[in-house]
Each structure stands twice: as C-alpha cells, then as structure tokens.
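Asker: Sending over a structure as structure tokens; questions will come in a sec.
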Amino acid sequence: MRRNLLIIIVLVLSIIYNPVNAQLKYTINESWHFTKDSTIVNINQFLAQKNRGELVNIPHTWNDKDVVDENKGFYRGAGWYTKKVRIPSSYKNKQVFLFFEGVSTAAEVYINKKLAKTHIGGFTRFVVPVSKFIAFDEGKEFTSFDIIVKADNSYHEDWPALQADFTFFGGMYRDVNIVVTEAIHFNIEDYAANGVFITTPSVTEQKGEVHVKVKIKNDASSTKKIKLITKIYDPNQKLVQEKSNSLKLKSNISNEFNLKMKPVLNPKLWSPDTPDLYKVVCEIFDETSNKKIDESVNSLGFRWFKFDVDKGFFLNGKHLKLIGTNRHQDFKDIGNAVPDHIHVEDVMRMKAMGSNFLRIAHYPQDPIILEMCDKLGIITSVETPIVDTVTESEAFTKNCLSAQLEMIRQNYNHPSLVIWAYMNEVILHPKYKNDKVRYKAYTDYIVQLAQKIENLTRKEDPYRYTMIPNHNSLERYQSAGLTEIPMIVGWNIYNGWYGGSYELLPSKIEAIYNAIKKPMIITEYGAGVDPRLHTLTPTRFDFTQEYGVEYHKYYLEYFKKKDFIAGVNAWNYADFSSEGRVDAVQSINNKGLIGIDRTPKDVFYYYQASLLKKPFISLATKTWGQRSNLEDKIDSGISTMPVQVFSNQPEVELILNGKSLGTKKVEGAIAVFNVPFVNGSNQLIAKASKDIYLEDFSEIRVNVLPISLKNFPVNGLSINVGDQRFFYDNKIDQAWMFDKVYTKGSWGHIEGEPYVRPNKNKQQPYGTKQTIKGTANDPLYQTQLVGIKQYRFDVPAGVYDIKLHFAELEGSKAKHLPYDLSEKTTEKIKTANRTFSVDINDHKIINTLDLLGQYGEYQAVKIKSEIVVKEGEPLIINFKKIVGEPVLNAIEVYKKL
C-alpha cells in the first residue's frame, strides 16, 4: 500500500512540476532524523549514534528555545540530519541535485556516507550534485539513497558574520529540494543561480532594451546542438516577442551565451505604484527531436533609477523619497525556521504600512521576500553578513567574496532590487583601538577587503548601486578611507536613543552631507519599544510606546524635508531575537514597529498615517487593552488621559461611549484628545470629520483608582514602584499603575528615591535594563525605590493580601553592551551590601532580607502575606534597614474580606 502511494505521489509531482519534460523540483522537508550532540565531531561518530535522533521537519532550528531562556548563551555547534530518499530508477539518465535554500552557518553534505559538498554561509543557497554518488538499481522501480547533513553554527573566525546584534540560529532552516534535470540544463551549479541573467541596459517610456545571458550545462559526453527559445510576455501574459537561437554546447562544461532581444516598445514601467511585471521564459529544445529539455522563468521589470548626491533618488525620471524598514527573518517561538506564509505576510504588511523601501539586513533572506517585493512594488537593498568586525585572513576574505557572489547571482533578476550592500558598521568595535599602528593595519585590511568586494560587485552587475552602511562615527570611517569605496554611503543614526537628544539629528546629518559627497541613505534609526510600557511623560530610553512615536515622528518629519537623503530604513520592521540583549524584553531587540509576533505597536499606525495615500485613521489605544490610573479628584470616578489618533485626514472626531468629544486638527499625522475615562469599559470611535466615511473602534478597560480608599477597588491595586510608566501584562491582562507619594487619606510611599544606575552615558532615566531572572515582566523589577521607609494605604477594615516584589539591582555583572553606539565604557558598579526587614502593621513578615546573598543579583523575588486590618487603622508596610538601604520594586494589595 505504501509503495503504491509513493508511486502516486511521484506521478502527481511529475504532472505538477514537469508537464513537458522540463526541470523537476520538489521539497523533501518531512521526516528527517536529527541529532544535536557536541561530542560528535565526524560522520563515523554520527553513524554510530544516529538512532538516538528525534524526528523533525524542515524548516528546523535547534535554537528556538535556548535563545529565549534565562541562561546566558545558546547552543553553537553541530547538528546532524539524516534522511533516506527514494527516487525513480529512471533518473539514472538524468541529473539529480539537492538544492538547499539555507543551512546555518556551515554545511557538510554526505550522500551514501561520502562527502558530496561543503558550504560556508548560512544565508545563501547551494546545490549538491548527487547522481555520481547513487548506484541506480535498474531492476527496481525505485532507488534509495541516504543523505546526511552536518549543520554547524559555531563561532569560527573565518566565517562571517563574527558578531552582531542578532541571534545566529543553527539548523536547516529553509527548504530542502530535489531537483531533476536532463543532461543538458540551465546551470544551477553556478552558485545556485538559475542560469539566466536579465539586464535592461537602457529603459525609457518609449522602449526598453533587454539583454539575456544564459549559462547552460552539458553533462553529456559529447557536443550537443540545441535550440534556445526566449520569449517575453507582458503583465497581461500576452506574448510580446520570441527569439530562437541554434547553439552548440561543448560537453562537460557550462556554456555561456549573450542574447540581445528586440527593444520592447512603450513598456509598462515598474514602480511602487504600478509594479507591472513582464516575464522572460527561456526554453531549451533538443534540435533533432524538438523535445523540450529545460525551462527557466524569470520576472522582468522595466525601470530606470538614479541616486543623486544633492537631490536623492529618482525612479523612471521622477523624484521618489524612499521610506521603509529593515527586516530580520525570525518569528516568535520558532526562531528563523519560518514558513513561507510569514515571509509573505511580512511584505504585505510593509506595503500596508505605506513602505516603498526595504533593506534586507544583515543577510540575504528567503527567496520569496524579493519575489513579493517585485510583485508589490517595494524597492530593496540586500547585503552580505559582514557585520561589526572582520578577521584578517585569506580564508575570511575568500568567504566574504563567495557570499557576495552567491548573493548577486542568486538574486540578479529582481526588478525591485537596486542596491548591493556589504560591511555593516564594520568599524563599530575596532580591534587594537589603543594601538595606533596595529589599528591602522586592521582598518587597511578592511578597506582592501571592501575594495575587492566592490570590484567584484561592479563587474558582476554594472547596473545597480553599491553601499556600505556605517554607524555614526563619521571621522572614523572617513579617515580609514572606507567612505570612498561604495557608490552610496549608508548611516545608522540613533541620536535620541543611544546617545544624546534626537534634536541633535539635523547637525549630525548635515555634517555627514557636507563631508561625504556621495548619495546618502539612513540605513538605520530607531528606539526600543516594549509594547507593555506606556507613559504620560515620554523620556529617552524609557522603552514606552509614547516615546517610540515621539522619536520616529521627529526623525520622519526631518527626513521628508531633506531631498539629499535619498532613503531611510527604520530599524526595525519587527522585533527580533538577539540572545545577548538585556533590555526591557529579555533577549529581544525591541526596536521593531511591530512585535516579534507581528502585533503592531503605536508607531506602526503612525507610519501608516504618515505614508499612506488612501484615507487612514487609527486609535493608539488598540495596543493598550487595560490600564489603571488615578481619578482626577476625590470621588470623581473619572480619569482623564491623552489619546492619540493617527490619521492622514485634516480633522478627526473622537466619540467616547456614544458622546462626541469634538474634533481636532491633525498635525503631523496625529491628533491628541484628553479623554475622561470612566471605570470599566470605555468605547472609543475615531472618525474623519469631513465628507468621507472613515472610522476606527477601540474598547479599553480602565481601572479608575480612587484617591481615597474608603471603597477599595474590587480588583485591587498593582503598583510599579520607583517608576513613572504604566505596565500592562498582556499575558494575564493585568494593568499596573506607576508609583506616587503618600498623601493623607490616600496611599503611596513615604521616603525613598527612584533607583538610577550610575551611567556616564545617561541612557537610563531611572532603573536598569539588565535582564531579571525568574520573570517575564522585567520592567516591574528593573525599577525600585531606594531608601523607602513605608508604603501606606488608608484602607477600610478587612482582610488583605499584600504581595511585595523585590530584585537586587546593584549587582556586579553589569556590562557594556556591544550594540551600544555611544562608544563609552560602563564604569564599575559597586556590589550591593544590603539587608533589611519588613513589618506589616507591626507583624514581622520578613526578619532579615538579603537579596543578593539569598537570591542573587537581578533575580525576581515575590513575598506574599495576609493581614487583618482593624477598624480605624491603616495598612502600613514598614521597611527597616539593617545594613544599607531598603528597596521595593512593586507592590500588590487585594482586599479579601
């Protein structure tokens, strides 16, 4: 039964993929046996233990869990995959290949226990010829062979990238395919390209030139004659022209031919507004039998473009400001083993944001990304993963050049692609910076490597631009000579986040513009946003949604006014994994406009309002489902808070619970209303106030906290101490309000100051950004009051649960993070020496609390107690110091009876 089923599957695949005896391609992603064991160093050791493996499907990574746990580091080493594959024995007279779309970072591929291919580079595709390793059984319908793949994401000084602010996931994380061709076929062994390279050397509105270079492999033992038919179809699938060439192929080599097609008259031009795609179909026929042997189909877009140092970017003769994002390829809980659907949805969401520009950073990504950018009209750059540092070795140079060549040839035919990039921030953390002579030799090597990559790129593709993205140290890159090499210089600017105010942006940009007379792209800018954090007073490095909007608004408005800035890429499209990060969200770089789970943040809606041409309106409140805040005055039951409405309309109206709050003018894509929220559910409707039907709806639960606690809130009080930010735990739908000073008849802290970590860079307004162990709610524990004497609640009589939250923030492991662009070292932090006791209404709850000694640094500690409060007495938590100053990070109070 299984044999018959396999025959049916093969026949179906033949019908689907091979209707006219052309190339056959299909995935073999299912049911691989996988073993991860650092003690296995060669294939013989693996073969002895392969039965221990687990069954996995491709795409697969072994780092989907260990990069988000609380332990430092993640597995970087080898993983072994094996699978038995059956193919028809009739393939003996054909060429069989394995086509890997992505194995990180290095791969060894064995066929029937023999090494068939090694490949270095975790982000580009590679092809493995397998026919010569297979003993076809002509007496049987099917022949089986074994595949073993060793994938290795170890650190290796000759494998780029060496270090970066993203996780180096390991595994076979993209599709694995079987490809079957005739002996004569388009040469897919040429760096895993498809053998067809299309250029449009000259394009105008009247005509578009098309040149086609083909590489055809003849694996037969003798010279062969073929007929090559090249067809061009228009966007409506109408045949525009056809050309036939009789060609002679030498045996056992790749034969290269250059074809010049007739100009296409009055072409439909490709652009973000009209992404019209033509199609080039190349077919190989046996000249004697007229049998089709192979076929290659590629997209074609007619467009011309130019970058100007003073006026920016021009597409098809018209000025176009390029505005978009960067993108990393991973997703929540599955790492980089991402199915096609997520890639497709990402590009569709970028288009829905109004983006017309994507920097694919810092490495080539799944081929479907550029395919979608072609279809939807998003202009792109793509780059090789040479990030932060280099190794001065011949092997490193060779691997960099190979990565660049693979990237170019594999992505050559995409009309959306206009820039080849390499070397992101490669002098960000220079080695030998205290040794001028050695530093000069190091940077000289970088410049020499850059020139080699530049020369290779311009030779391979003289029609596109090249770019090197640098961080904001102009003098360092300029003095090294690196800014002289590429055609475009990219700049990663983070004023207002890592260093200084965002109001320093104009002087920074204009200094670069005056110094470097080359086209400019702002390849990165951004601010960290934890979607759970909100504030009424946005401050640099507070990780709130509100500061994220404020920051991006300033940047975007400035960029739009400056024509010499050809394009900008916000960092990042989505939050992404960075295992070594210690921010508001552990192991996540949260500068994304949307979350790692693809949930939009407020700033995403701001970009939609700023970029979209079609009418748009959105309430910021959609990202903040529940909030707690103090009432405006005693017994009012009203808590007034500002609400942002994002829109590209001139005026908007806001309606609260059926009552209009009036209209506001939209300024800079934002209108702000002061909304008098009531306790419980609040329904908001934002509407365009002019002659257009456009509205957005949001329902918010607001806990209006009383100033006087004579009527204690049913759902209690949850207070984020030493902070001025609201925190929303979206996993359990719990809203935390920020702290306040005690006033008579109310509640709050008595004495104590918010913890501010010693920091020359003055990044943190308060608290720390160190990861807190034992919790996913790091922001609750990253702030605290130091020297607190009491926390008092003037409550009615009853039985209360009090939960106290602590963490020791004066630990010894604070470190200067490699992605901190301020370039300054962190001074030594004094280790805490602190013990204190806690009484609640004269009951000794905690006798002696030594957070560092008992629990360790940056560890969440929760202690809960039940207390009976008598009539006429308050609820008082007393903190009594023994050594050092008492601290409190958060507090919850619930009335039970």
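Labels used: A, B, ... for chains in the order of the structure tokens, numbers from 1 for residues in each chain, and numbers from 1 for ligands as shown.
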Could you pull the residues within 7 Å of range 602-612 of chain A, counting only C-alpha atoms, minus those fewer than 2 positions along the same chain, as a ChimeraX atom specification?
Answerer: /A:353-354,545,548-549,593-594,600,614,616-618,620,623,646-648,669
Asker: Could you find all residues in range 456-514 of chain A that DSSP calls alpha helix (DSSP H) from the backbone, and write them as a PyMOL selection string?
Answerer: chain A and resi 456-460+474-480+505-514
Asker: Applying 10 Å and only C-alpha atoms, which residues near range 265-267 of chain A remain after dropping the ones on its own chain fewer than 3 positions away? List them as a tab-separated table (two decimals) with C-alpha atoms, in the first residue's frame.
Answerer:
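What follows is the written file out_34.tsv:
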```tsv
chain	number	residue	atom	x	y	z
A	203	VAL	CA	14.89	52.00	-20.47
A	204	THR	CA	12.70	54.95	-21.43
A	205	GLU	CA	8.96	55.45	-21.65
A	206	GLN	CA	9.26	54.67	-25.36
A	207	LYS	CA	11.30	51.47	-25.27
A	208	GLY	CA	13.15	49.07	-23.04
A	209	GLU	CA	16.23	47.10	-24.03
A	234	ASP	CA	3.74	41.39	-20.87
A	235	PRO	CA	1.97	41.85	-17.49
A	240	VAL	CA	5.46	40.33	-26.80
A	262	LYS	CA	14.47	43.43	-29.69
A	270	TRP	CA	7.65	49.09	-12.87
A	276	ASP	CA	3.97	45.78	-13.56
A	278	TYR	CA	6.88	41.17	-17.52
A	301	GLY	CA	10.61	44.93	-14.72
A	302	PHE	CA	11.23	47.95	-16.92
A	303	ARG	CA	12.52	50.81	-14.79
```
Asker: Using only C-alpha atoms, which protein or nucleic acid residues come within 7 Å of range 885-890 of chain A? Drop anything in the same chain fewer than 2 positions from it, and give the result as number ranges by chain.
Answerer: A: 719-722, 780-781, 783-788, 804-807, 834, 836, 879-881, 883
Asker: Using only C-alpha atoms, which residues sit within 7 Å of Ser246 in chain A once same-chain residues fewer than 5 positions away are excluded, as a list of chain:residue names?
Answerer: A:Ile226, A:Lys227, A:Leu228
Asker: Can you tell me, as a PyMOL selection string, what residues are no more than 8 Å from range 624-638 of chain A when counting only C-alpha atoms, ignoring any on the same chain fewer than 6 positions away?
Answerer: chain A and resi 532+676-679+699-708+726+728+730+733-737
